[in-house]
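Peer 1: This is the structure I want to talk about, given as structure tokens.
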Amino acid sequence: MRMRRVRAWWLARRRFEFCLTVAMVVALTGFCGALIMLPNAEGTHAETPRAVTADAIGQAAAADPRLADVRRSIEPFGPIIAEEVATGNGQQSLVVGHPEQHTEIGLLQQELAAATTAVTEVWGPDWAQSALVVVASSPSEFAGLVHAGSTISAEVAAASVADPFVAGSSPTGQRIVFSADAGRRLDDTGMRTLLRHELTHIATRAETRDGAPLWMLEGFADYTAHLGHRFTQVAPTLAAQIRQRELPRDLPPDAAFTGPAAAATYEQAWSVCAFVAEKYDRSRLVELYRRIAAAKQSPVSENQILQDVLGAGRADFIADWRNWLSAQAV
Ligand SMILES: [Zn+2]
């Protein structure tokens with residue numbers, strides 16, 4: 001069964017995400033994506049695209065200023081589908097794309113309200129509780145929508161972006177962009193998880209400064225995205241390493257979030273947050289995020305924050321985390 005095999009593959013082994021840092025793309029303030037190694041031919045959405053030649057824009061969506069913002073970027077790529085979706089707190093989100101991606105667009109429309117609720121459940125209600133989600137129809141449209149020029153890898157499945165941060169004001173220009181083939185590379189669970197991951201970046205953006213440690217930023221986004229999932233589902237690579245007695249020695253450095261060890265690094269970052277939520281509680285995890293993400297950190301400043309929020313210095317915290325890890329993969 002293709003569907004079952006793909007799902008098993010997704011849950012078991014090769015979930016793989018990474019984040020391209022600001023240094024690569026000057027215009028970007030936050031940029032994160034998912035790298036999925038599933039070959040295109042293994043698609044889970046085998047439906048043939050409908051031949052649609054006209055725009056299909058809902059009445060409310062037509063009047064949404066967020067549509068006007070992206071319209072110029074996406075218009076050259078074909079007819080536009082756009083629909084508003086009620087999300088949290090009386091807010092409306094907007095999902096935009098083209099007819100070729102109508103399956104993914106439909107799925108994202110369906111998932112957005114629950115994803116918003118899930119993010120709010122962890123982060124609290126203090127964010128917009130709505131988002132602009134765009135599905136690109138080609139690599140060049142994707143690159144344009146995330147302001148990435150030609151630097152974006154073909155394997156990035158989604159990204160969240162915002163305008164450069166201005167101190168004291170709310171983030172602007174925020175959007176989540178899915179690549180044209182995200183829906184072919186991911187099954188529904190993968191799309192749902194990725195949406196929640198990116199939505200977490202959107203929710204936390206106002207509290208996040210460029211250069212803050214990725215173990216906190218990515219770990220927290222994955223924590224929210226994978227809420228309720230088991231350790232071995234979320235972190236199969238890490239679980240295998242733990243069984244081999246290869247425990248991480250330190251919090252993962254930013255450089256490890258790209259390159260061949262990226263999958264294991266994301267899993268480690270997730271596990272740090274899962275550990276904090278379990279040993280302490282979720283509100284302290286959020287407090288830790290707010291403090292760590294507020295600036296670029298050093299081991300000394302991290303030590304102080306960990307001491308303030310959790311009552312354990314950095315060395316003790318890492319030792320506790322390693323002990324917790326040892327007990328997870330049995
Ligand atoms: Zn991310």
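Here's how to read the names in the structure tokens: chain A, B, ... by the order shown, residue numbers from 1 in each chain, ligand numbers from 1 in the order shown.
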Got a sec: who's within 10 Å of A:Leu132, counting only C-alpha atoms, leaving out chain neighbours fewer than 6 positions off, as a PyMOL selection string?
Peer 2: chain A and resi 66-67+70+84+92-96+160+173-177+199+202
Peer 1: So that I can see what lies close to stretch 165-169 of chain A, please list as a PyMOL selection string the residues with an atom at most 9 Å from it, counting only C-alpha atoms and leaving out residues fewer than 6 positions away in the same chain.
Peer 2: chain A and resi 29+205-206+209-210
Peer 1: Would you output that residue set with all heavy atoms, as a PDB file, in the first residue's frame?
Peer 2:
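So the final result, stored in part-v2.pdb, reads:
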```pdb
ATOM      1  N   THR A  29      14.282  37.970   7.767  1.00  0.00           N
ATOM      2  CA  THR A  29      14.581  38.030   9.191  1.00  0.00           C
ATOM      3  C   THR A  29      14.384  36.680   9.855  1.00  0.00           C
ATOM      4  O   THR A  29      14.968  36.400  10.866  1.00  0.00           O
ATOM      5  CB  THR A  29      13.683  39.048   9.897  1.00  0.00           C
ATOM      6  OG1 THR A  29      12.339  38.658   9.674  1.00  0.00           O
ATOM      7  CG2 THR A  29      13.915  40.426   9.360  1.00  0.00           C
ATOM      8  N   ARG A 205       7.285  35.240  16.586  1.00  0.00           N
ATOM      9  CA  ARG A 205       8.193  36.165  15.888  1.00  0.00           C
ATOM     10  C   ARG A 205       8.464  37.455  16.678  1.00  0.00           C
ATOM     11  O   ARG A 205       9.597  37.931  16.741  1.00  0.00           O
ATOM     12  CB  ARG A 205       7.614  36.484  14.501  1.00  0.00           C
ATOM     13  CG  ARG A 205       8.453  37.406  13.675  1.00  0.00           C
ATOM     14  CD  ARG A 205       9.826  36.798  13.365  1.00  0.00           C
ATOM     15  NE  ARG A 205      10.778  37.832  12.997  1.00  0.00           N
ATOM     16  CZ  ARG A 205      12.084  37.782  13.245  1.00  0.00           C
ATOM     17  NH1 ARG A 205      12.601  36.754  13.888  1.00  0.00           N
ATOM     18  NH2 ARG A 205      12.872  38.753  12.875  1.00  0.00           N
ATOM     19  N   ALA A 206       7.412  38.009  17.277  1.00  0.00           N
ATOM     20  CA  ALA A 206       7.586  39.291  17.977  1.00  0.00           C
ATOM     21  C   ALA A 206       8.514  39.162  19.186  1.00  0.00           C
ATOM     22  O   ALA A 206       9.065  40.147  19.661  1.00  0.00           O
ATOM     23  CB  ALA A 206       6.224  39.839  18.413  1.00  0.00           C
ATOM     24  N   ARG A 209      14.558  37.341  18.423  1.00  0.00           N
ATOM     25  CA  ARG A 209      15.549  38.212  17.786  1.00  0.00           C
ATOM     26  C   ARG A 209      16.459  37.395  16.890  1.00  0.00           C
ATOM     27  O   ARG A 209      16.761  36.236  17.188  1.00  0.00           O
ATOM     28  CB  ARG A 209      16.392  38.928  18.844  1.00  0.00           C
ATOM     29  CG  ARG A 209      15.594  39.888  19.702  1.00  0.00           C
ATOM     30  CD  ARG A 209      14.983  41.038  18.880  1.00  0.00           C
ATOM     31  NE  ARG A 209      14.070  41.832  19.689  1.00  0.00           N
ATOM     32  CZ  ARG A 209      12.767  41.574  19.835  1.00  0.00           C
ATOM     33  NH1 ARG A 209      12.210  40.562  19.203  1.00  0.00           N
ATOM     34  NH2 ARG A 209      12.008  42.328  20.613  1.00  0.00           N
ATOM     35  N   ASP A 210      16.914  38.024  15.814  1.00  0.00           N
ATOM     36  CA  ASP A 210      17.833  37.343  14.908  1.00  0.00           C
ATOM     37  C   ASP A 210      19.099  36.953  15.665  1.00  0.00           C
ATOM     38  O   ASP A 210      19.608  37.716  16.474  1.00  0.00           O
ATOM     39  CB  ASP A 210      18.188  38.256  13.734  1.00  0.00           C
ATOM     40  CG  ASP A 210      16.951  38.667  12.964  1.00  0.00           C
ATOM     41  OD1 ASP A 210      15.956  37.927  13.012  1.00  0.00           O
ATOM     42  OD2 ASP A 210      16.970  39.736  12.326  1.00  0.00           O
TER      43      ASP A 210
END
```
Peer 1: Please provide as a ChimeraX atom specification all residues within 8 Å of stretch 238-245 of chain A, with the sequence filter that same-chain residues fewer than 3 positions apart are discarded (counting only C-alpha atoms).
Peer 2: /A:231-232,235,264,267-268,325-326,328-330
Peer 1: Quick one: pick out all strand (DSSP E or B) residues within stretch 28-242 of chain A from a backbone DSSP run and write them as a short mmCIF file (atom, residue, chain, number, x, y, z; two decimals) with C-alpha atoms, in the first residue's frame.
Peer 2:
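Heads up, here's the output in states_11.cif:
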```cif
data_model
loop_
_atom_site.label_atom_id
_atom_site.label_comp_id
_atom_site.auth_asym_id
_atom_site.auth_seq_id
_atom_site.Cartn_x
_atom_site.Cartn_y
_atom_site.Cartn_z
CA GLY A 33 12.07 25.13 6.04
CA ALA A 34 11.66 21.42 5.93
CA LEU A 35 13.86 19.22 3.87
CA ALA A 56 -11.50 31.44 -7.71
CA ILE A 57 -11.33 34.08 -5.01
CA ILE A 81 -7.36 30.46 -5.62
CA ALA A 82 -7.89 32.38 -2.38
CA GLU A 83 -10.14 31.70 0.55
CA GLU A 84 -10.40 33.06 4.07
CA VAL A 85 -10.55 30.61 6.97
CA ALA A 86 -11.81 31.44 10.46
CA GLN A 92 -9.45 35.27 9.63
CA SER A 93 -6.53 33.54 7.97
CA LEU A 94 -5.97 33.52 4.24
CA VAL A 95 -4.87 30.58 2.09
CA VAL A 96 -3.71 31.41 -1.43
CA GLY A 97 -2.38 29.40 -4.37
CA LEU A 132 -1.26 34.21 5.39
CA VAL A 133 -0.45 30.81 3.88
CA VAL A 134 0.64 30.62 0.25
CA VAL A 135 1.25 27.51 -1.83
CA VAL A 156 12.83 22.97 1.22
CA ALA A 157 9.14 22.15 1.59
CA ALA A 158 7.97 25.26 3.45
CA ALA A 159 9.26 28.45 5.02
CA SER A 160 8.02 31.25 7.21
CA VAL A 161 9.17 34.77 6.48
CA ARG A 175 3.65 34.58 5.60
CA ILE A 176 4.03 30.82 5.46
CA VAL A 177 4.96 29.54 2.02
CA PHE A 178 4.73 25.92 0.90
#
```
